[in-house]
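Reading through the C-alpha cells given below for one structure.
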Amino acid sequence: MRRTFGIDAYSLYVPRLYVDLTQEWCAVRAPQLGIGSPDLLRGKLVAGIGIRKMAVADGHEDAATMAAMAAKQLIDATGIDPSDIELLSVGTETTVDQSKSIAAYVLGMLERHYGKSLRHVGTPQVQFACIGATYALESAVNHLRAGENTRPYAIVIATDISKYRLRSPGEYTQGAGAVAMLVSESPRLLALDPGVVGTATRDARDFFRPNWSRTATVDGKHSIDVYLSCLEDALREHLDRAGARRGLEPGIASVRQLLAEFDSFLFHVPFPRMAEYAAARVFRLMWEGSESHGERMRELAAGLAPDDTRELEKRLMKTDFFRAHFERTVAPSLELPGEIGNVYSASLYLAFASMTDAARRDGVDLTGRRVLLCSYGSGASAKVFSGTVGPEWKRVAARHYGTELRPVSEGGRRIAISVAEYERLHEHEEVVASAEAANGAGEEIVLVGPPPSVHPPRDEFVLQRLGRLSTPELTDHGYRYYQYLSNDGAGEQEVA
Ligand code: CAA
C-alpha cells in the first residue's frame with residue numbers, strides 16, 4: 001500500500017481581543033480617511049475587502065505565546081506524548097528576537113508546562129513573509145517521507161501579528177493568530193500529494209518590513225499584482241508536475257482537466273476579497289477555451305486587449321457561473337478570515353480551518369475531497385500543492401471555532417475593545433530611545449517591556465517580562481521571559 005504523509009490534526013489559537021471594524025472604528029476612521037460617512041466605509045470593508053473584525057493581541061501576547069498556545073491545544077486535543085515530537089518548526093514574519101528561534105521559546109514553554117525534556121527536538125524558524133510556514137510544512141513532510149525521523153511526529157506552527165500604520169489602507173487588513181499542525185504518516189486530516197509542489201519566487205519589493213519597523217511597508221495595488229502573477233507561475237508548475245505524474249500531455253487541456261478535479265480551493269487570505277481575485281485567476285485558466293465555459297469566456301473578453309487579464313477576471317467575478325462555483329469551492333474557507341483578519345503565515349491554514357468548521361456546521365462530508373492549496377508570501381514566493389481529506393476529518397477537526405469566536409455575550413470567548421484600547425496596544429513600543437542618557441552620554445535605549453493587558457490572562461502562556469540585567473552574574477538585557485498562568489492567575493516557577 002502507498003504510504004501517505006500530511007496533516008494529521010490542527011489547532012487554531014486566536015487572541016480573545018478584537019476590534020469590530022463595522023462599529024466605532026468606522027465612525028472614528030471615516031472622517032480621518034476622508035471617506036464621506038461611516039456607512040460608506042462599512043460598505044467598503046464588508047463588500048470591497050470582505051472583513052468585519054480583526055483579532056488583536058493583548059499586552060501579554062506575542063507571536064511566541066500564540067504559537068505555544070496553538071501547540072498546547074494541539075497536544076492536549078490529540079493526546080500525543082510530547083516526547084514523540086521529532087521536529088517543532090515555526091513559520092513567522094513577526095518574530096520576537098533577531099537571533100533566537102521562536103520554536104526554541106515554544107519548546108521551553110512546553111517543557112515547563114508538561115514537565116518533560118524535549119532536548120531531542122529540532123526547532124527551526126522559517127521566515128519568508130506569509131509563506132514561511134508552508135516552507136516549514138514542506139520540509140517537515142519531506143523529513144518524514146525520507147524516513148529521517150526517529151519519532152513519529154513533527155509540529156509546524158504558523159504564527160503572526162500583522163501590523164500596518166494606523167489610518168493607512170493596510171490598517172483594516174490586520175489580524176493575529178496561530179495555527180499548529182501535527183504532521184505524520186497516515187494523516188487523518190489531509191494526505192498531501194507527493195512530488196507535485198509548484199514553486200515560484202521573484203525578488204520583489206511589493207511588501208517588506210525593515211528591521212527597525214514594527215509595521216509593514218506595502219505598495220497595496222502592486223502587492224495584489226505580484227501575488228496573482230506568482231500564484232499563476234506556481235500553479236502552472238504544480239499542474240505540470242501533477243500532469244507528468246499522471247502521464248498527461250502538457251498543455252491547456254491537462255490544465256483544465258486537473259483543475260476541474262478539485263472540490264476546494266484554498267488561498268492565502270490577506271483579506272477575503274483577495275481570495276476572490278485569486279479564484280478568478282485560477283477559474284479563468286480552467287474555463288478559457290473549455291467546452292463547458294469557453295463560449296461564455298469569449299463573450300466576457302469582448303472588446304478587451306488580449307493581455308488585459310485582470311479586467312477579464314473582474315468581469316468574470318460578476319458572473320453567475322463564477323459566483324456559484326466560488327460559493328461551493330472557496331467561500332467556506334473565508335468565514336474565519338473575515339472574523340479574524342490577516343494572520344500572515346497562518347492565513348492559508350486558517351482558510352483550511354474555516355473550510356472544515358463550515359462543513360461541520362452545514363453537515364457537509366469532506367471525506368475524499370480534493371483540495372488545492374495556494375500559499376503566498378510577499379517579497380515574493382508562491383507554492384501550490386494538493387491533498388485529499390481523510391475519512392476521520394470530522395473527529396479530528398472536532399472543535400467549532402466559529403462558535404468560540406463569538407463575543408462573550410453570545411456564548412463565545414471574544415472581548416470587543418474600544419478604538420482607544422486598540423490604539424494603545426498598537427502604538428506600544430517595548431523599547432524606546434531616550435534623547436539623553438542619565439550620564440549625559442547621548443541617546444540611550446530604554447526597555448519599557450510589554451504593555452498592560454486589557455484582559456487579565458488566565459490558563460495561558462504569557463510574556464511575563466523583559467530581562468534588564470547586564471552584570472557579570474547575569475546578562476539578560478532584552479531577553480523574553482514566558483510562563484504559563486493557571487486559572488487562578490498563578491504562574492509557574494521562572495526558569496532562566
Ligand atoms: N462598497 C463596496 N465596495 C467598495 C466600496 C463600497 N463603498 N468602496 C470601495 N470598494 C471596493 C473597491 O471597488 C475595491 O474592489 P475591486 O478591487 O473589486 O474594485 C475594494 O473595495 C478595495 O478598495 P480600494 O481599491 O479603494 O483599495 P484600498 O485603498 O482600500 O486598499 C488594499 C486595499 C490594497 C488591499 C489595502 O488594504 C492594503 O494595502 N492591504 C495590505 C496589503 C495586502 O494585503 N496586499 C495583498 C497582496 S500581498 C499579500 O497577500 C501578502 C500579505 O499577506 C500582506
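Letters A, B, ... go to the chains of the C-alpha cells in the order shown; residues in each chain start at 1; ligands are counted from 1 in the same order.
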Write out as CSV the residues of chain A that have any atom within 6 Å of an atom of ligand 1, one row each with the nearest atom pair and its distance in Å to one decimal, counting only C-alpha atoms and all ligand atoms, sorted by chain and then rising number.
```
residue,atom,partner,partner_atom_place_in_ligand_line,distance
A:Leu40,CA,ligand 1,7 (N),4.6
A:Leu41,CA,ligand 1,7 (N),5.9
A:Gly43,CA,ligand 1,1 (N),4.3
A:Lys44,CA,ligand 1,5 (C),3.5
A:Ala47,CA,ligand 1,2 (C),4.7
A:Gly48,CA,ligand 1,21 (O),3.1
A:Ile49,CA,ligand 1,21 (O),5.4
A:Cys130,CA,ligand 1,53 (O),5.8
A:Pro169,CA,ligand 1,37 (O),4.4
A:Gly170,CA,ligand 1,40 (N),3.8
A:Thr173,CA,ligand 1,37 (O),5.6
A:Val218,CA,ligand 1,42 (C),5.9
A:Gly220,CA,ligand 1,39 (O),3.5
A:Lys221,CA,ligand 1,34 (C),5.0
A:Ser223,CA,ligand 1,47 (C),4.5
A:Ile224,CA,ligand 1,47 (C),4.1
A:Tyr227,CA,ligand 1,47 (C),5.5
A:Pro270,CA,ligand 1,53 (O),4.3
A:Tyr344,CA,ligand 1,53 (O),4.9
A:Gly377,CA,ligand 1,51 (C),5.5
A:Ser378,CA,ligand 1,51 (C),4.9
```
What would the file look like if the residues just selected were written as a tab-separated table (two decimals), in the first residue's frame with C-alpha atoms?
```
chain	number	residue	atom	x	y	z
A	40	LEU	CA	-19.62	54.15	3.10
A	41	LEU	CA	-16.55	52.87	4.93
A	43	GLY	CA	-19.78	49.07	2.90
A	44	LYS	CA	-16.24	49.11	1.58
A	47	ALA	CA	-18.24	44.21	0.38
A	48	GLY	CA	-14.95	45.55	-1.02
A	49	ILE	CA	-12.44	43.98	1.42
A	130	CYS	CA	3.40	34.77	4.74
A	169	PRO	CA	-5.16	51.39	3.83
A	170	GLY	CA	-3.44	48.35	5.36
A	173	THR	CA	-6.29	44.12	6.90
A	218	VAL	CA	3.35	47.91	1.38
A	220	GLY	CA	-1.04	47.80	-1.89
A	221	LYS	CA	-2.16	47.59	-5.53
A	223	SER	CA	1.23	43.70	-3.96
A	224	ILE	CA	-2.00	42.31	-5.41
A	227	TYR	CA	0.50	37.91	-5.60
A	270	PRO	CA	-4.66	38.73	3.49
A	344	TYR	CA	0.13	36.26	7.59
A	377	GLY	CA	4.45	35.30	0.75
A	378	SER	CA	5.36	38.81	-0.33
```
Who sits within 6 Å of A:Ala433, only C-alpha atoms, same chain under 5 positions skipped, as a short mmCIF file (atom, residue, chain, number, x, y, z; two decimals) with N, CA, C and O atoms, in the first residue's frame:
```cif
data_model
loop_
_atom_site.label_atom_id
_atom_site.label_comp_id
_atom_site.auth_asym_id
_atom_site.auth_seq_id
_atom_site.Cartn_x
_atom_site.Cartn_y
_atom_site.Cartn_z
N GLU A 444 20.09 56.82 24.54
CA GLU A 444 20.13 55.58 25.29
C GLU A 444 18.87 54.76 24.96
O GLU A 444 17.80 55.33 24.79
N ILE A 445 19.02 53.44 24.87
CA ILE A 445 17.86 52.58 24.63
C ILE A 445 17.22 52.25 25.98
O ILE A 445 17.90 51.79 26.90
N VAL A 446 15.93 52.50 26.09
CA VAL A 446 15.23 52.23 27.34
C VAL A 446 14.24 51.10 27.12
O VAL A 446 13.41 51.17 26.21
#
```
* **Members of stretch 139-319 of chain A assigned strand (DSSP E) by DSSP, as a ChimeraX atom specification** => /A:153-162,175-185,190-192,198-201,207-208,217-218,264-267
Taking N, CA, C and O atoms for each residue, export the selection above as a compact mmCIF listing (two decimals), in the first residue's frame.
```txt
# COMPACT_ATOMS: atom_id res chain seq x y z
N TYR A 153 6.21 12.21 15.03
CA TYR A 153 5.51 13.47 14.72
C TYR A 153 6.42 14.67 14.51
O TYR A 153 7.46 14.80 15.15
N ALA A 154 5.95 15.54 13.64
CA ALA A 154 6.51 16.89 13.55
C ALA A 154 5.36 17.85 13.84
O ALA A 154 4.20 17.55 13.51
N ILE A 155 5.68 18.97 14.47
CA ILE A 155 4.67 20.03 14.63
C ILE A 155 5.15 21.25 13.87
O ILE A 155 6.30 21.67 14.03
N VAL A 156 4.28 21.77 13.02
CA VAL A 156 4.59 23.00 12.29
C VAL A 156 3.62 24.07 12.78
O VAL A 156 2.40 23.84 12.76
N ILE A 157 4.17 25.20 13.21
CA ILE A 157 3.30 26.27 13.73
C ILE A 157 3.47 27.51 12.87
O ILE A 157 4.59 27.94 12.60
N ALA A 158 2.36 28.06 12.45
CA ALA A 158 2.35 29.35 11.75
C ALA A 158 1.81 30.37 12.74
O ALA A 158 0.72 30.16 13.30
N THR A 159 2.55 31.45 12.98
CA THR A 159 2.09 32.42 13.98
C THR A 159 2.46 33.84 13.57
O THR A 159 3.59 34.08 13.13
N ASP A 160 1.53 34.76 13.65
CA ASP A 160 1.82 36.13 13.24
C ASP A 160 0.84 37.14 13.80
O ASP A 160 -0.33 36.83 14.05
N ILE A 161 1.36 38.36 13.96
CA ILE A 161 0.53 39.52 14.29
C ILE A 161 0.77 40.52 13.17
O ILE A 161 1.88 41.03 13.03
N SER A 162 -0.23 40.76 12.35
CA SER A 162 0.01 41.66 11.22
C SER A 162 -0.30 43.09 11.65
O SER A 162 -1.33 43.37 12.26
N GLY A 175 -4.54 41.54 11.76
CA GLY A 175 -5.12 40.43 12.50
C GLY A 175 -4.04 39.77 13.34
O GLY A 175 -2.89 40.23 13.34
N ALA A 176 -4.40 38.70 14.05
CA ALA A 176 -3.42 38.00 14.88
C ALA A 176 -3.91 36.58 15.13
O ALA A 176 -5.11 36.35 15.32
N GLY A 177 -2.99 35.62 15.13
CA GLY A 177 -3.38 34.24 15.42
C GLY A 177 -2.29 33.26 15.05
O GLY A 177 -1.27 33.63 14.45
N ALA A 178 -2.51 32.02 15.44
CA ALA A 178 -1.54 30.96 15.17
C ALA A 178 -2.27 29.66 14.85
O ALA A 178 -3.34 29.39 15.40
N VAL A 179 -1.69 28.88 13.96
CA VAL A 179 -2.22 27.54 13.67
C VAL A 179 -1.07 26.55 13.88
O VAL A 179 0.03 26.76 13.35
N ALA A 180 -1.32 25.52 14.70
CA ALA A 180 -0.32 24.45 14.87
C ALA A 180 -0.83 23.22 14.14
O ALA A 180 -2.01 22.88 14.24
N MET A 181 0.07 22.57 13.39
CA MET A 181 -0.33 21.38 12.61
C MET A 181 0.52 20.19 13.04
O MET A 181 1.74 20.31 13.14
N LEU A 182 -0.15 19.07 13.26
CA LEU A 182 0.57 17.83 13.56
C LEU A 182 0.82 17.14 12.23
O LEU A 182 -0.12 16.85 11.48
N VAL A 183 2.08 16.89 11.93
CA VAL A 183 2.45 16.27 10.65
C VAL A 183 2.87 14.84 10.93
O VAL A 183 3.66 14.58 11.86
N SER A 184 2.33 13.91 10.16
CA SER A 184 2.63 12.50 10.45
C SER A 184 2.44 11.63 9.20
O SER A 184 1.92 12.10 8.19
N GLU A 185 2.82 10.37 9.35
CA GLU A 185 2.48 9.38 8.33
C GLU A 185 1.01 8.99 8.53
O GLU A 185 0.48 9.11 9.64
N LEU A 190 -5.49 15.51 6.22
CA LEU A 190 -5.20 15.86 4.83
C LEU A 190 -3.91 15.15 4.38
O LEU A 190 -2.82 15.48 4.85
N ALA A 191 -4.08 14.19 3.46
CA ALA A 191 -2.90 13.50 2.89
C ALA A 191 -2.40 14.34 1.73
O ALA A 191 -3.16 14.63 0.80
N LEU A 192 -1.14 14.74 1.79
CA LEU A 192 -0.59 15.61 0.74
C LEU A 192 -0.04 14.78 -0.41
O LEU A 192 0.64 13.76 -0.19
N GLY A 198 4.38 23.05 -6.63
CA GLY A 198 4.81 24.03 -7.64
C GLY A 198 5.32 25.27 -6.91
O GLY A 198 4.64 25.79 -6.03
N THR A 199 6.52 25.73 -7.25
CA THR A 199 7.12 26.87 -6.55
C THR A 199 7.46 27.98 -7.54
O THR A 199 7.91 27.70 -8.65
N ALA A 200 7.24 29.22 -7.14
CA ALA A 200 7.67 30.36 -7.96
C ALA A 200 8.20 31.43 -7.01
O ALA A 200 7.58 31.70 -5.98
N THR A 201 9.33 32.02 -7.33
CA THR A 201 9.92 33.07 -6.48
C THR A 201 10.47 34.18 -7.35
O THR A 201 10.99 33.92 -8.44
N PHE A 207 6.14 44.39 -0.64
CA PHE A 207 5.78 44.43 0.78
C PHE A 207 7.02 44.00 1.56
O PHE A 207 7.65 43.01 1.23
N PHE A 208 7.37 44.76 2.59
CA PHE A 208 8.54 44.40 3.39
C PHE A 208 8.45 45.11 4.74
O PHE A 208 7.63 46.00 4.94
N THR A 217 5.65 47.88 5.37
CA THR A 217 5.53 48.87 4.30
C THR A 217 5.00 48.12 3.09
O THR A 217 5.53 47.07 2.72
N VAL A 218 3.96 48.65 2.49
CA VAL A 218 3.35 47.91 1.38
C VAL A 218 2.88 48.84 0.28
O VAL A 218 2.39 49.93 0.54
N SER A 264 -12.19 21.86 -3.63
CA SER A 264 -11.99 23.06 -2.80
C SER A 264 -10.68 23.73 -3.18
O SER A 264 -9.69 23.05 -3.46
N PHE A 265 -10.70 25.07 -3.18
CA PHE A 265 -9.51 25.86 -3.48
C PHE A 265 -9.23 26.73 -2.26
O PHE A 265 -10.08 27.51 -1.86
N LEU A 266 -8.04 26.56 -1.68
CA LEU A 266 -7.68 27.35 -0.50
C LEU A 266 -6.54 28.29 -0.88
O LEU A 266 -5.57 27.88 -1.50
N PHE A 267 -6.68 29.54 -0.46
CA PHE A 267 -5.70 30.56 -0.83
C PHE A 267 -5.11 31.22 0.42
O PHE A 267 -5.72 31.19 1.50
```
* Quote the spacing between atom CA of A:Gly379 and atom CA of A:Ala129 in Å to one decimal place. => 7.1 Å
* To do: Could you check which of A:Val454, A:Ala358, A:Ile35, A:Met317 is closest to A:Arg16, using only C-alpha atoms?
  =>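 Counting only C-alpha atoms, the residue closest to A:Arg16 is A:Val454.
Residue nearest A:Gly368, chosen from A:Arg246, A:Lys318, A:Arg413, A:Arg188 and counting only C-alpha atoms: A:Arg188.
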* **A:Ser168, A:Asp8, A:Tyr13, A:Asp76 ranked by distance to A:Lys394, top pick (using only C-alpha atoms)** =>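 Closest to A:Lys394 of all the choices is A:Asp8.
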* To do: Please measure the separation of atom CA of A:Gly491 and atom CA of A:Ala104, giving the value in Å to one decimal.
  =>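 Calculated distance between atom CA of A:Gly491 and atom CA of A:Ala104 is 20.0 Å.
One distance worth recording is that between atom CA of A:Arg399 and atom CA of A:Ala351, which is 15.0 Å.
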* To do: With a distance cut-off of 8 Å and only C-alpha atoms, select the neighbouring residues of A:Thr215, excluding the residue or stretch itself and same-chain residues fewer than 2 positions from it, and output the selection as a list in words.
  => Ser162, Lys163, Tyr164, Arg165, Arg209, Ser213 and Thr217 of chain A
Just write the chosen residues, C-alpha atoms, as a CSV table (one decimal), in the first residue's frame.
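Result saved to out29.csv:
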```
chain,number,residue,atom,x,y,z
A,162,SER,CA,0.0,41.7,11.2
A,163,LYS,CA,0.5,45.4,11.7
A,164,TYR,CA,0.3,48.4,9.4
A,165,ARG,CA,0.3,52.0,10.3
A,209,ARG,CA,9.3,45.3,7.0
A,213,SER,CA,10.0,48.9,11.9
A,217,THR,CA,5.5,48.9,4.3
```
* To do: Quick one: everything within 12 Å of A:His400, counting only C-alpha atoms, minus sequence neighbours fewer than 5 positions away in the same chain. Send it as a PyMOL selection string.
  => chain A and resi 11-12+336+353-362+394-395+405-406+412
* **Test item, alpha helix (DSSP H) assignment across stretch 188-228 of chain A, answer as a VMD selection string** => chain A and resid 220 to 228
* Counting only C-alpha atoms, what is within 10 Å of A:Glu249, bar same-chain residues fewer than 6 positions away, as number ranges by chain? -> A: 240, 243, 255
* **For A:Ser254: contacts at 12 Å, only C-alpha atoms, fewer than 5 positions along chain excluded, given as an MDAnalysis selection string** => chainID A and resid 236 238:249 259:261 285:286 290
* To do: Excluding A:Phe326 and residues on its chain fewer than 2 positions from it, collect all residues at most 10 Å away from it, counting only C-alpha atoms, and give them as a PyMOL selection string.
  => chain A and resi 264-265+275-276+279-280+283+317+320-324+328-332
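Nearest residue to A:Ala103, choosing from A:Cys26, A:Ala234, A:Val90, A:Ala55 and counting only C-alpha atoms: A:Val90.
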